[in-house]
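Novice: entry-v3.pdb (PDB, C-alpha atoms and all ligand atoms) pasted underneath:
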```pdb
ATOM      1  CA  MET A  24      26.265  13.785   4.796  1.00  0.00           C
ATOM      2  CA  THR A  25      24.673  11.823   1.959  1.00  0.00           C
ATOM      3  CA  LYS A  26      21.333  13.029   0.746  1.00  0.00           C
ATOM      4  CA  LYS A  27      18.494  10.534   0.968  1.00  0.00           C
ATOM      5  CA  ILE A  28      14.944  10.913  -0.206  1.00  0.00           C
ATOM      6  CA  ASN A  29      11.739   8.952   0.193  1.00  0.00           C
ATOM      7  CA  ILE A  30       9.023   8.775  -2.422  1.00  0.00           C
ATOM      8  CA  ALA A  31       5.406   8.467  -1.302  1.00  0.00           C
ATOM      9  CA  ILE A  32       2.827   6.846  -3.551  1.00  0.00           C
ATOM     10  CA  ASP A  33      -0.768   7.015  -2.397  1.00  0.00           C
ATOM     11  CA  GLY A  34      -4.000   6.290  -4.179  1.00  0.00           C
ATOM     12  CA  HIS A  35      -7.102   4.177  -4.472  1.00  0.00           C
ATOM     13  CA  SER A  36      -7.191   0.377  -4.193  1.00  0.00           C
ATOM     14  CA  SER A  37      -5.970  -1.564  -7.222  1.00  0.00           C
ATOM     15  CA  CYS A  38      -4.837   1.463  -9.210  1.00  0.00           C
ATOM     16  CA  GLY A  39      -1.385   0.005  -9.843  1.00  0.00           C
ATOM     17  CA  LYS A  40       0.428   1.847  -7.047  1.00  0.00           C
ATOM     18  CA  SER A  41       2.604  -1.117  -6.194  1.00  0.00           C
ATOM     19  CA  THR A  42       3.524  -1.764  -9.836  1.00  0.00           C
ATOM     20  CA  ILE A  43       4.750   1.772 -10.322  1.00  0.00           C
ATOM     21  CA  ALA A  44       6.389   1.894  -6.872  1.00  0.00           C
ATOM     22  CA  LYS A  45       8.359  -1.294  -7.633  1.00  0.00           C
ATOM     23  CA  ALA A  46       9.323   0.054 -11.048  1.00  0.00           C
ATOM     24  CA  ILE A  47      10.645   3.305  -9.528  1.00  0.00           C
ATOM     25  CA  ALA A  48      12.567   1.353  -6.882  1.00  0.00           C
ATOM     26  CA  ARG A  49      14.203  -0.831  -9.548  1.00  0.00           C
ATOM     27  CA  GLN A  50      14.956   2.043 -11.894  1.00  0.00           C
ATOM     28  CA  PHE A  51      16.463   4.345  -9.265  1.00  0.00           C
ATOM     29  CA  GLY A  52      18.030   1.812  -6.853  1.00  0.00           C
ATOM     30  CA  MET A  53      15.646   2.429  -3.964  1.00  0.00           C
ATOM     31  CA  HIS A  54      13.856   0.055  -1.570  1.00  0.00           C
ATOM     32  CA  TYR A  55      10.201  -0.709  -2.209  1.00  0.00           C
ATOM     33  CA  ILE A  56       7.875  -1.009   0.807  1.00  0.00           C
ATOM     34  CA  ASP A  57       4.250  -2.102   0.460  1.00  0.00           C
ATOM     35  CA  SER A  58       2.517  -0.571   3.498  1.00  0.00           C
ATOM     36  CA  GLY A  59      -0.815  -2.187   2.539  1.00  0.00           C
ATOM     37  CA  ALA A  60       0.829  -5.593   3.007  1.00  0.00           C
ATOM     38  CA  MET A  61       1.377  -4.689   6.664  1.00  0.00           C
ATOM     39  CA  TYR A  62      -2.345  -3.965   7.206  1.00  0.00           C
ATOM     40  CA  ARG A  63      -3.157  -7.163   5.332  1.00  0.00           C
ATOM     41  CA  ALA A  64      -0.781  -9.189   7.532  1.00  0.00           C
ATOM     42  CA  ILE A  65      -2.483  -7.930  10.694  1.00  0.00           C
ATOM     43  CA  THR A  66      -5.866  -8.793   9.154  1.00  0.00           C
ATOM     44  CA  LEU A  67      -4.637 -12.310   8.422  1.00  0.00           C
ATOM     45  CA  TYR A  68      -3.413 -12.607  11.998  1.00  0.00           C
ATOM     46  CA  CYS A  69      -6.916 -11.594  13.175  1.00  0.00           C
ATOM     47  CA  LEU A  70      -8.522 -14.239  10.972  1.00  0.00           C
ATOM     48  CA  GLU A  71      -6.130 -16.948  12.116  1.00  0.00           C
ATOM     49  CA  ASN A  72      -6.616 -16.097  15.786  1.00  0.00           C
ATOM     50  CA  GLU A  73     -10.371 -15.634  15.788  1.00  0.00           C
ATOM     51  CA  ILE A  74     -10.060 -11.919  16.453  1.00  0.00           C
ATOM     52  CA  ILE A  75     -12.377 -11.287  13.506  1.00  0.00           C
ATOM     53  CA  GLN A  76     -15.644 -13.130  13.630  1.00  0.00           C
ATOM     54  CA  GLU A  77     -18.685 -12.470  11.483  1.00  0.00           C
ATOM     55  CA  LYS A  78     -16.950  -9.447   9.959  1.00  0.00           C
ATOM     56  CA  LYS A  79     -16.447  -7.838  13.354  1.00  0.00           C
ATOM     57  CA  VAL A  80     -13.110  -7.165  15.013  1.00  0.00           C
ATOM     58  CA  ASN A  81     -12.753  -7.864  18.699  1.00  0.00           C
ATOM     59  CA  HIS A  82     -10.879  -4.637  19.479  1.00  0.00           C
ATOM     60  CA  GLN A  83      -9.841  -5.564  22.994  1.00  0.00           C
ATOM     61  CA  LYS A  84      -8.419  -8.891  21.919  1.00  0.00           C
ATOM     62  CA  LEU A  85      -6.553  -7.328  19.001  1.00  0.00           C
ATOM     63  CA  ILE A  86      -5.072  -4.517  21.079  1.00  0.00           C
ATOM     64  CA  ALA A  87      -3.929  -7.061  23.673  1.00  0.00           C
ATOM     65  CA  CYS A  88      -2.149  -9.045  20.913  1.00  0.00           C
ATOM     66  CA  LEU A  89      -0.587  -6.131  19.019  1.00  0.00           C
ATOM     67  CA  ASP A  90       2.814  -6.316  20.709  1.00  0.00           C
ATOM     68  CA  ALA A  91       3.037 -10.001  19.809  1.00  0.00           C
ATOM     69  CA  ILE A  92       2.516  -9.309  16.100  1.00  0.00           C
ATOM     70  CA  SER A  93       5.653  -8.866  14.073  1.00  0.00           C
ATOM     71  CA  VAL A  94       5.400  -7.739  10.456  1.00  0.00           C
ATOM     72  CA  THR A  95       8.609  -7.540   8.448  1.00  0.00           C
ATOM     73  CA  PHE A  96       9.804  -7.950   4.881  1.00  0.00           C
ATOM     74  CA  ARG A  97      12.351 -10.425   3.502  1.00  0.00           C
ATOM     75  CA  PHE A  98      13.975 -10.036   0.114  1.00  0.00           C
ATOM     76  CA  ASN A  99      13.509 -13.052  -2.149  1.00  0.00           C
ATOM     77  CA  ALA A 100      16.541 -12.900  -4.442  1.00  0.00           C
ATOM     78  CA  GLU A 101      15.094 -15.470  -6.852  1.00  0.00           C
ATOM     79  CA  LYS A 102      11.967 -13.417  -7.459  1.00  0.00           C
ATOM     80  CA  GLY A 103      13.773 -10.111  -7.039  1.00  0.00           C
ATOM     81  CA  GLU A 104      11.000  -8.971  -4.690  1.00  0.00           C
ATOM     82  CA  SER A 105      10.486  -8.634  -0.985  1.00  0.00           C
ATOM     83  CA  GLU A 106       7.944 -10.811   0.771  1.00  0.00           C
ATOM     84  CA  THR A 107       5.796 -10.126   3.803  1.00  0.00           C
ATOM     85  CA  ILE A 108       6.673 -12.065   6.945  1.00  0.00           C
ATOM     86  CA  LEU A 109       4.146 -12.371   9.770  1.00  0.00           C
ATOM     87  CA  ASN A 110       5.673 -13.687  12.982  1.00  0.00           C
ATOM     88  CA  GLY A 111       8.386 -15.490  11.026  1.00  0.00           C
ATOM     89  CA  LYS A 112       6.039 -17.011   8.418  1.00  0.00           C
ATOM     90  CA  ASN A 113       5.965 -16.023   4.760  1.00  0.00           C
ATOM     91  CA  VAL A 114       2.391 -14.802   4.161  1.00  0.00           C
ATOM     92  CA  GLU A 115       2.952 -13.019   0.849  1.00  0.00           C
ATOM     93  CA  SER A 116       0.358 -15.043  -1.009  1.00  0.00           C
ATOM     94  CA  ALA A 117      -2.125 -15.560   1.868  1.00  0.00           C
ATOM     95  CA  ILE A 118      -2.514 -11.795   2.425  1.00  0.00           C
ATOM     96  CA  ARG A 119      -3.641 -11.313  -1.199  1.00  0.00           C
ATOM     97  CA  GLU A 120      -6.634 -13.633  -0.866  1.00  0.00           C
ATOM     98  CA  HIS A 121     -10.124 -12.209  -1.191  1.00  0.00           C
ATOM     99  CA  LYS A 122     -11.045 -12.996   2.418  1.00  0.00           C
ATOM    100  CA  VAL A 123      -8.247 -10.720   3.596  1.00  0.00           C
ATOM    101  CA  SER A 124      -9.072  -8.010   1.023  1.00  0.00           C
ATOM    102  CA  SER A 125     -12.675  -7.968   2.116  1.00  0.00           C
ATOM    103  CA  LEU A 126     -11.808  -7.369   5.793  1.00  0.00           C
ATOM    104  CA  VAL A 127      -8.644  -5.282   5.732  1.00  0.00           C
ATOM    105  CA  SER A 128     -10.519  -1.948   5.750  1.00  0.00           C
ATOM    106  CA  ILE A 129     -12.082  -2.631   9.119  1.00  0.00           C
ATOM    107  CA  VAL A 130      -8.715  -3.522  10.630  1.00  0.00           C
ATOM    108  CA  SER A 131      -6.967  -0.525   9.094  1.00  0.00           C
ATOM    109  CA  GLN A 132      -9.498   1.815  10.726  1.00  0.00           C
ATOM    110  CA  ILE A 133      -8.280   0.923  14.198  1.00  0.00           C
ATOM    111  CA  LYS A 134      -6.151   3.650  15.772  1.00  0.00           C
ATOM    112  CA  GLU A 135      -3.808   1.306  17.662  1.00  0.00           C
ATOM    113  CA  VAL A 136      -3.117  -0.682  14.475  1.00  0.00           C
ATOM    114  CA  ARG A 137      -2.330   2.486  12.523  1.00  0.00           C
ATOM    115  CA  ASP A 138      -0.127   3.869  15.308  1.00  0.00           C
ATOM    116  CA  LYS A 139       1.917   0.663  15.395  1.00  0.00           C
ATOM    117  CA  LEU A 140       2.339   0.463  11.635  1.00  0.00           C
ATOM    118  CA  VAL A 141       3.160   4.141  11.131  1.00  0.00           C
ATOM    119  CA  VAL A 142       6.014   3.787  13.641  1.00  0.00           C
ATOM    120  CA  LEU A 143       7.302   0.683  11.811  1.00  0.00           C
ATOM    121  CA  GLN A 144       7.014   2.380   8.422  1.00  0.00           C
ATOM    122  CA  ARG A 145       8.940   5.437   9.606  1.00  0.00           C
ATOM    123  CA  GLU A 146      11.659   3.205  11.042  1.00  0.00           C
ATOM    124  CA  ILE A 147      12.031   1.427   7.710  1.00  0.00           C
ATOM    125  CA  GLY A 148      12.343   4.763   5.901  1.00  0.00           C
ATOM    126  CA  GLU A 149      14.763   6.250   8.381  1.00  0.00           C
ATOM    127  CA  ASP A 150      18.090   5.023   7.074  1.00  0.00           C
ATOM    128  CA  LYS A 151      17.398   4.052   3.491  1.00  0.00           C
ATOM    129  CA  ALA A 152      15.828   5.628   0.443  1.00  0.00           C
ATOM    130  CA  VAL A 153      12.403   4.043   0.084  1.00  0.00           C
ATOM    131  CA  VAL A 154       9.489   4.147  -2.283  1.00  0.00           C
ATOM    132  CA  MET A 155       6.483   3.368  -0.105  1.00  0.00           C
ATOM    133  CA  ASP A 156       2.953   2.950  -1.348  1.00  0.00           C
ATOM    134  CA  GLY A 157      -0.259   3.156   0.655  1.00  0.00           C
ATOM    135  CA  ARG A 158      -3.031   5.568   1.599  1.00  0.00           C
ATOM    136  CA  ASP A 159      -1.427   7.966   4.077  1.00  0.00           C
ATOM    137  CA  ILE A 160       2.234   7.909   3.115  1.00  0.00           C
ATOM    138  CA  GLY A 161       2.437  11.474   1.796  1.00  0.00           C
ATOM    139  CA  THR A 162       0.021  12.869   4.390  1.00  0.00           C
ATOM    140  CA  LYS A 163       1.067  11.055   7.563  1.00  0.00           C
ATOM    141  CA  VAL A 164       3.981   8.614   7.337  1.00  0.00           C
ATOM    142  CA  PHE A 165       6.389  10.812   5.355  1.00  0.00           C
ATOM    143  CA  PRO A 166       4.871  14.298   5.201  1.00  0.00           C
ATOM    144  CA  ASN A 167       8.337  15.542   4.145  1.00  0.00           C
ATOM    145  CA  ALA A 168       8.818  12.969   1.364  1.00  0.00           C
ATOM    146  CA  GLY A 169      10.854  14.432  -1.468  1.00  0.00           C
ATOM    147  CA  LEU A 170       8.295  13.439  -4.027  1.00  0.00           C
ATOM    148  CA  LYS A 171       4.645  12.446  -3.670  1.00  0.00           C
ATOM    149  CA  PHE A 172       2.344  10.845  -6.187  1.00  0.00           C
ATOM    150  CA  PHE A 173      -1.379  10.217  -5.936  1.00  0.00           C
ATOM    151  CA  ILE A 174      -2.451   7.516  -8.386  1.00  0.00           C
ATOM    152  CA  THR A 175      -6.017   6.790  -9.381  1.00  0.00           C
ATOM    153  CA  ALA A 176      -8.204   5.280 -12.119  1.00  0.00           C
ATOM    154  CA  ARG A 177     -11.941   4.750 -12.644  1.00  0.00           C
ATOM    155  CA  ALA A 178     -13.432   2.115 -10.289  1.00  0.00           C
ATOM    156  CA  GLU A 179     -14.598  -0.230 -13.103  1.00  0.00           C
ATOM    157  CA  ILE A 180     -11.161  -0.232 -14.684  1.00  0.00           C
ATOM    158  CA  ARG A 181      -9.455  -0.942 -11.353  1.00  0.00           C
ATOM    159  CA  ALA A 182     -11.911  -3.767 -10.597  1.00  0.00           C
ATOM    160  CA  GLN A 183     -11.315  -5.362 -13.994  1.00  0.00           C
ATOM    161  CA  ARG A 184      -7.537  -5.287 -13.492  1.00  0.00           C
ATOM    162  CA  ARG A 185      -7.910  -6.809 -10.004  1.00  0.00           C
ATOM    163  CA  PHE A 186     -10.343  -9.462 -11.296  1.00  0.00           C
ATOM    164  CA  ASP A 187      -7.918 -10.454 -14.072  1.00  0.00           C
ATOM    165  CA  GLU A 188      -5.132 -10.752 -11.499  1.00  0.00           C
ATOM    166  CA  LEU A 189      -7.071 -12.934  -9.042  1.00  0.00           C
ATOM    167  CA  GLY A 190      -6.411 -16.626  -9.351  1.00  0.00           C
ATOM    168  CA  ASP A 191      -9.473 -17.223  -7.185  1.00  0.00           C
ATOM    169  CA  LYS A 192     -12.253 -17.240  -9.775  1.00  0.00           C
ATOM    170  CA  ALA A 193     -14.818 -18.249  -7.180  1.00  0.00           C
ATOM    171  CA  VAL A 194     -15.201 -14.479  -6.861  1.00  0.00           C
ATOM    172  CA  SER A 195     -17.226 -12.629  -9.499  1.00  0.00           C
ATOM    173  CA  PHE A 196     -16.311  -9.343 -11.161  1.00  0.00           C
ATOM    174  CA  GLN A 197     -19.305  -7.758  -9.420  1.00  0.00           C
ATOM    175  CA  GLN A 198     -18.022  -8.860  -5.996  1.00  0.00           C
ATOM    176  CA  VAL A 199     -14.578  -7.462  -6.778  1.00  0.00           C
ATOM    177  CA  LEU A 200     -16.115  -4.149  -7.886  1.00  0.00           C
ATOM    178  CA  GLU A 201     -18.318  -3.906  -4.806  1.00  0.00           C
ATOM    179  CA  ASN A 202     -15.413  -4.720  -2.475  1.00  0.00           C
ATOM    180  CA  LEU A 203     -13.271  -2.103  -4.193  1.00  0.00           C
ATOM    181  CA  LYS A 204     -15.945   0.617  -3.924  1.00  0.00           C
ATOM    182  CA  GLU A 205     -16.517  -0.277  -0.297  1.00  0.00           C
ATOM    183  CA  ARG A 206     -12.773  -0.013   0.409  1.00  0.00           C
ATOM    184  CA  ASP A 207     -12.576   3.351  -1.421  1.00  0.00           C
ATOM    185  CA  GLU A 208     -15.408   4.578   0.730  1.00  0.00           C
ATOM    186  CA  LYS A 209     -13.932   3.293   3.983  1.00  0.00           C
ATOM    187  CA  ASP A 210     -10.371   4.416   3.140  1.00  0.00           C
ATOM    188  CA  SER A 211     -11.542   7.942   2.271  1.00  0.00           C
ATOM    189  CA  ASN A 212     -13.946   8.417   5.160  1.00  0.00           C
ATOM    190  CA  ARG A 213     -12.283   6.808   8.144  1.00  0.00           C
ATOM    191  CA  ALA A 214     -11.619   9.098  11.095  1.00  0.00           C
ATOM    192  CA  ILE A 215      -7.854   8.475  11.331  1.00  0.00           C
ATOM    193  CA  ASN A 216      -5.490   9.260   8.465  1.00  0.00           C
ATOM    194  CA  PRO A 217      -8.051   8.900   5.676  1.00  0.00           C
ATOM    195  CA  LEU A 218      -6.968   8.594   2.065  1.00  0.00           C
ATOM    196  CA  LYS A 219      -6.637  12.084   0.678  1.00  0.00           C
ATOM    197  CA  ILE A 220      -4.466  13.886  -1.794  1.00  0.00           C
ATOM    198  CA  ALA A 221      -1.478  15.546  -0.123  1.00  0.00           C
ATOM    199  CA  LYS A 222      -1.387  19.172  -1.165  1.00  0.00           C
ATOM    200  CA  ASP A 223       2.034  18.759  -2.754  1.00  0.00           C
ATOM    201  CA  ALA A 224       1.257  15.456  -4.530  1.00  0.00           C
ATOM    202  CA  ILE A 225       1.346  14.958  -8.288  1.00  0.00           C
ATOM    203  CA  VAL A 226      -1.971  13.362  -9.316  1.00  0.00           C
ATOM    204  CA  ILE A 227      -1.955  10.737 -12.063  1.00  0.00           C
ATOM    205  CA  ASP A 228      -5.121   9.125 -13.445  1.00  0.00           C
ATOM    206  CA  ASN A 229      -4.006   6.020 -15.322  1.00  0.00           C
ATOM    207  CA  SER A 230      -7.462   4.906 -16.572  1.00  0.00           C
ATOM    208  CA  GLU A 231      -6.373   5.459 -20.162  1.00  0.00           C
ATOM    209  CA  LYS A 232      -2.654   4.771 -19.765  1.00  0.00           C
ATOM    210  CA  THR A 233      -0.683   1.630 -20.428  1.00  0.00           C
ATOM    211  CA  GLU A 234       1.883   0.556 -17.839  1.00  0.00           C
ATOM    212  CA  GLN A 235       4.637   1.693 -20.185  1.00  0.00           C
ATOM    213  CA  GLU A 236       3.102   5.136 -20.706  1.00  0.00           C
ATOM    214  CA  GLN A 237       2.711   5.564 -16.978  1.00  0.00           C
ATOM    215  CA  ASN A 238       6.283   4.430 -16.289  1.00  0.00           C
ATOM    216  CA  GLU A 239       7.687   6.842 -18.865  1.00  0.00           C
ATOM    217  CA  LEU A 240       5.742   9.754 -17.398  1.00  0.00           C
ATOM    218  CA  ILE A 241       6.662   9.002 -13.795  1.00  0.00           C
ATOM    219  CA  PHE A 242      10.308   8.104 -14.476  1.00  0.00           C
ATOM    220  CA  LYS A 243      10.742  11.469 -16.174  1.00  0.00           C
ATOM    221  CA  ILE A 244       9.289  13.303 -13.177  1.00  0.00           C
ATOM    222  CA  VAL A 245      11.528  11.345 -10.763  1.00  0.00           C
ATOM    223  CA  LYS A 246      14.611  11.865 -12.936  1.00  0.00           C
ATOM    224  CA  ASP A 247      14.011  15.609 -13.202  1.00  0.00           C
ATOM    225  CA  PHE A 248      13.446  15.778  -9.461  1.00  0.00           C
ATOM    226  CA  PHE A 249      16.668  13.893  -8.675  1.00  0.00           C
ATOM    227  CA  PHE A 250      18.615  16.036 -11.109  1.00  0.00           C
ATOM    228  CA  THR A 251      17.595  19.255  -9.353  1.00  0.00           C
ATOM    229  CA  TYR A 252      17.751  17.742  -5.867  1.00  0.00           C
ATOM    230  CA  PHE A 253      21.247  16.327  -6.105  1.00  0.00           C
ATOM    231  CA  LEU A 254      22.588  19.289  -8.079  1.00  0.00           C
ATOM    232  CA  PHE A 255      21.756  21.848  -5.391  1.00  0.00           C
TER     233      PHE A 255
HETATM  234  O1  LIG A 301      -2.766  -1.259  -0.912  1.00  0.00           O
HETATM  235  P1  LIG A 301      -3.653  -2.430  -0.452  1.00  0.00           P
HETATM  236  O2  LIG A 301      -4.941  -2.553  -1.221  1.00  0.00           O
HETATM  237  O3  LIG A 301      -2.909  -3.703  -0.374  1.00  0.00           O
HETATM  238  O4  LIG A 301      -4.080  -2.026   1.048  1.00  0.00           O
HETATM  239  C1  LIG A 301      -4.885  -2.856   1.814  1.00  0.00           C
HETATM  240  C2  LIG A 301      -5.742  -2.035   2.755  1.00  0.00           C
HETATM  241  O5  LIG A 301      -4.911  -1.449   3.757  1.00  0.00           O
HETATM  242  C3  LIG A 301      -6.544  -0.912   2.126  1.00  0.00           C
HETATM  243  O6  LIG A 301      -7.903  -1.238   2.073  1.00  0.00           O
HETATM  244  C4  LIG A 301      -6.344   0.261   3.018  1.00  0.00           C
HETATM  245  C5  LIG A 301      -5.303  -0.119   4.010  1.00  0.00           C
HETATM  246  N1  LIG A 301      -4.136   0.736   3.980  1.00  0.00           N
HETATM  247  C6  LIG A 301      -4.150   1.843   4.779  1.00  0.00           C
HETATM  248  O7  LIG A 301      -5.147   2.121   5.440  1.00  0.00           O
HETATM  249  N2  LIG A 301      -3.054   2.629   4.855  1.00  0.00           N
HETATM  250  C7  LIG A 301      -1.960   2.349   4.136  1.00  0.00           C
HETATM  251  N3  LIG A 301      -0.890   3.127   4.234  1.00  0.00           N
HETATM  252  C8  LIG A 301      -1.948   1.213   3.289  1.00  0.00           C
HETATM  253  C9  LIG A 301      -3.063   0.437   3.225  1.00  0.00           C
END
```
How does this structure look as structure tokens?
Ligand code: DC

Specialist:
Amino acid sequence: MTKKINIAIDGHSSCGKSTIAKAIARQFGMHYIDSGAMYRAITLYCLENEIIQEKKVNHQKLIACLDAISVTFRFNAEKGESETILNGKNVESAIREHKVSSLVSIVSQIKEVRDKLVVLQREIGEDKAVVMDGRDIGTKVFPNAGLKFFITARAEIRAQRRFDELGDKAVSFQQVLENLKERDEKDSNRAINPLKIAKDAIVIDNSEKTEQEQNELIFKIVKDFFFTYFLF
């Protein structure tokens, strides 16, 4: 039997989880899965189908639609990245817009949404080696992941990085910071699968680290882990 491991990367919003997860996947020939994109896709579906109105989710309507929502990923060979597909439509850029970011926390608090996505995420990780990033990957989705990281950085630094990334400059830095703090609060305090550090996770604060410094540190940890894991 071939040995297969999954790597879980959890942490706060906009701390660079996806950047490091993609880098690990590329470096070690694994598949990268962005679990946050799946929550974002369902949020977009809610917006497009008037399930969210005035910042409130119509729970009954959403639960009734859940089986009709398909969220998958398709590899874009040109970009070398996978893209999020919602009911057959490429929504990779739409799910990154501020209106989705500002509402995704209320959708990701809903038990039925989480149950559906956790099942999908486990299925994806079943037969291939994945690096998955999110909030509950090491604690809930893959509690037996071979390696778990918890990434964080100071809120102001994360907000500045997110602000620089956003094409949509109709949004101010202050709005980005407030949204990020609100999401931290909601992600950490929700009743179901809140964001917390798995007891066997390696914690990395990248506030003062460049991307290269972080990559070097994490690649070394992964390499050492693989060396021991595949040796014995
Ligand atoms: O990683 P992200 O910022 O794209 O995630 C979007 C939202 O989805 C975030 O506010 C919390 C939620 N999320 C979650 O609850 N559980 C996950 N595994 C991934 C994301």

Novice: Closest to Lys27 (chain A) among A:Asn238, A:Val153, A:Asp210, A:Leu203, using all atoms listed in the file?

Specialist: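 Checking each of A:Asn238, A:Val153, A:Asp210, A:Leu203 against Lys27 (chain A), counting all atoms listed in the file, the winner is A:Val153.
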
Novice: Which residues of chain A sit at most 8 Å from ligand LIG 301 (chain A), using only C-alpha atoms and all ligand atoms? Give each one's shortest atom pair and distance in Å (one decimal place), in chain and ascending residue order, as JSON lines.

Specialist:
```
{"residue": "A:Asp33", "atom": "CA", "partner": "A:LIG301", "partner_atom": "N3", "distance": 7.7}
{"residue": "A:His35", "atom": "CA", "partner": "A:LIG301", "partner_atom": "O2", "distance": 7.8}
{"residue": "A:Ser36", "atom": "CA", "partner": "A:LIG301", "partner_atom": "O2", "distance": 4.7}
{"residue": "A:Ser37", "atom": "CA", "partner": "A:LIG301", "partner_atom": "O2", "distance": 6.2}
{"residue": "A:Lys40", "atom": "CA", "partner": "A:LIG301", "partner_atom": "O1", "distance": 7.6}
{"residue": "A:Ser41", "atom": "CA", "partner": "A:LIG301", "partner_atom": "O1", "distance": 7.5}
{"residue": "A:Asp57", "atom": "CA", "partner": "A:LIG301", "partner_atom": "O1", "distance": 7.2}
{"residue": "A:Ser58", "atom": "CA", "partner": "A:LIG301", "partner_atom": "C8", "distance": 4.8}
{"residue": "A:Gly59", "atom": "CA", "partner": "A:LIG301", "partner_atom": "C9", "distance": 3.5}
{"residue": "A:Ala60", "atom": "CA", "partner": "A:LIG301", "partner_atom": "O3", "distance": 5.4}
{"residue": "A:Met61", "atom": "CA", "partner": "A:LIG301", "partner_atom": "C8", "distance": 7.6}
{"residue": "A:Tyr62", "atom": "CA", "partner": "A:LIG301", "partner_atom": "O5", "distance": 5.0}
{"residue": "A:Arg63", "atom": "CA", "partner": "A:LIG301", "partner_atom": "C1", "distance": 5.8}
{"residue": "A:Arg119", "atom": "CA", "partner": "A:LIG301", "partner_atom": "O3", "distance": 7.7}
{"residue": "A:Ser124", "atom": "CA", "partner": "A:LIG301", "partner_atom": "C1", "distance": 6.7}
{"residue": "A:Val127", "atom": "CA", "partner": "A:LIG301", "partner_atom": "C2", "distance": 5.3}
{"residue": "A:Ser128", "atom": "CA", "partner": "A:LIG301", "partner_atom": "O6", "distance": 4.6}
{"residue": "A:Ser131", "atom": "CA", "partner": "A:LIG301", "partner_atom": "O7", "distance": 4.9}
{"residue": "A:Gln132", "atom": "CA", "partner": "A:LIG301", "partner_atom": "O7", "distance": 6.9}
{"residue": "A:Arg137", "atom": "CA", "partner": "A:LIG301", "partner_atom": "O7", "distance": 7.6}
{"residue": "A:Asp156", "atom": "CA", "partner": "A:LIG301", "partner_atom": "N3", "distance": 6.8}
{"residue": "A:Gly157", "atom": "CA", "partner": "A:LIG301", "partner_atom": "N3", "distance": 3.6}
{"residue": "A:Arg158", "atom": "CA", "partner": "A:LIG301", "partner_atom": "N3", "distance": 4.2}
{"residue": "A:Asp159", "atom": "CA", "partner": "A:LIG301", "partner_atom": "N3", "distance": 4.9}
{"residue": "A:Ile160", "atom": "CA", "partner": "A:LIG301", "partner_atom": "N3", "distance": 5.8}
{"residue": "A:Val164", "atom": "CA", "partner": "A:LIG301", "partner_atom": "N3", "distance": 8.0}
{"residue": "A:Arg206", "atom": "CA", "partner": "A:LIG301", "partner_atom": "O6", "distance": 5.3}
{"residue": "A:Asp207", "atom": "CA", "partner": "A:LIG301", "partner_atom": "O6", "distance": 7.4}
{"residue": "A:Lys209", "atom": "CA", "partner": "A:LIG301", "partner_atom": "O6", "distance": 7.8}
{"residue": "A:Asp210", "atom": "CA", "partner": "A:LIG301", "partner_atom": "C4", "distance": 5.8}
{"residue": "A:Asn216", "atom": "CA", "partner": "A:LIG301", "partner_atom": "O7", "distance": 7.8}
{"residue": "A:Pro217", "atom": "CA", "partner": "A:LIG301", "partner_atom": "O7", "distance": 7.4}
{"residue": "A:Leu218", "atom": "CA", "partner": "A:LIG301", "partner_atom": "O7", "distance": 7.5}
```

Novice: In Å to one decimal, how far is CA of Ile118 (chain A) from CA of Ala64 (chain A)?

Specialist: 6.0 Å

Novice: Would you kindly translate the PyMOL selection byres (((chain A and resi 166) around 12) and not hetatm) into the concrete residues it picks from this file, as an NGL selection string?

Specialist: :A and (28-33 or 141 or 145 or 159-165 or 167-171 or 216 or 220-224)

Novice: Could you write out the selected residues, including C-alpha atoms, as a PDB file, in the frame of the given file?

Specialist:
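The new file selection02.pdb reads:
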```pdb
ATOM      1  CA  ILE A  28      14.944  10.913  -0.206  1.00  0.00           C
ATOM      2  CA  ASN A  29      11.739   8.952   0.193  1.00  0.00           C
ATOM      3  CA  ILE A  30       9.023   8.775  -2.422  1.00  0.00           C
ATOM      4  CA  ALA A  31       5.406   8.467  -1.302  1.00  0.00           C
ATOM      5  CA  ILE A  32       2.827   6.846  -3.551  1.00  0.00           C
ATOM      6  CA  ASP A  33      -0.768   7.015  -2.397  1.00  0.00           C
ATOM      7  CA  VAL A 141       3.160   4.141  11.131  1.00  0.00           C
ATOM      8  CA  ARG A 145       8.940   5.437   9.606  1.00  0.00           C
ATOM      9  CA  ASP A 159      -1.427   7.966   4.077  1.00  0.00           C
ATOM     10  CA  ILE A 160       2.234   7.909   3.115  1.00  0.00           C
ATOM     11  CA  GLY A 161       2.437  11.474   1.796  1.00  0.00           C
ATOM     12  CA  THR A 162       0.021  12.869   4.390  1.00  0.00           C
ATOM     13  CA  LYS A 163       1.067  11.055   7.563  1.00  0.00           C
ATOM     14  CA  VAL A 164       3.981   8.614   7.337  1.00  0.00           C
ATOM     15  CA  PHE A 165       6.389  10.812   5.355  1.00  0.00           C
ATOM     16  CA  ASN A 167       8.337  15.542   4.145  1.00  0.00           C
ATOM     17  CA  ALA A 168       8.818  12.969   1.364  1.00  0.00           C
ATOM     18  CA  GLY A 169      10.854  14.432  -1.468  1.00  0.00           C
ATOM     19  CA  LEU A 170       8.295  13.439  -4.027  1.00  0.00           C
ATOM     20  CA  LYS A 171       4.645  12.446  -3.670  1.00  0.00           C
ATOM     21  CA  ASN A 216      -5.490   9.260   8.465  1.00  0.00           C
ATOM     22  CA  ILE A 220      -4.466  13.886  -1.794  1.00  0.00           C
ATOM     23  CA  ALA A 221      -1.478  15.546  -0.123  1.00  0.00           C
ATOM     24  CA  LYS A 222      -1.387  19.172  -1.165  1.00  0.00           C
ATOM     25  CA  ASP A 223       2.034  18.759  -2.754  1.00  0.00           C
ATOM     26  CA  ALA A 224       1.257  15.456  -4.530  1.00  0.00           C
TER      27      ALA A 224
END
```

Novice: A:Ile65, A:Lys122, A:Glu115, A:Cys38: which is nearest Ala193 (chain A), counting all atoms listed in the file?

Specialist: A:Lys122
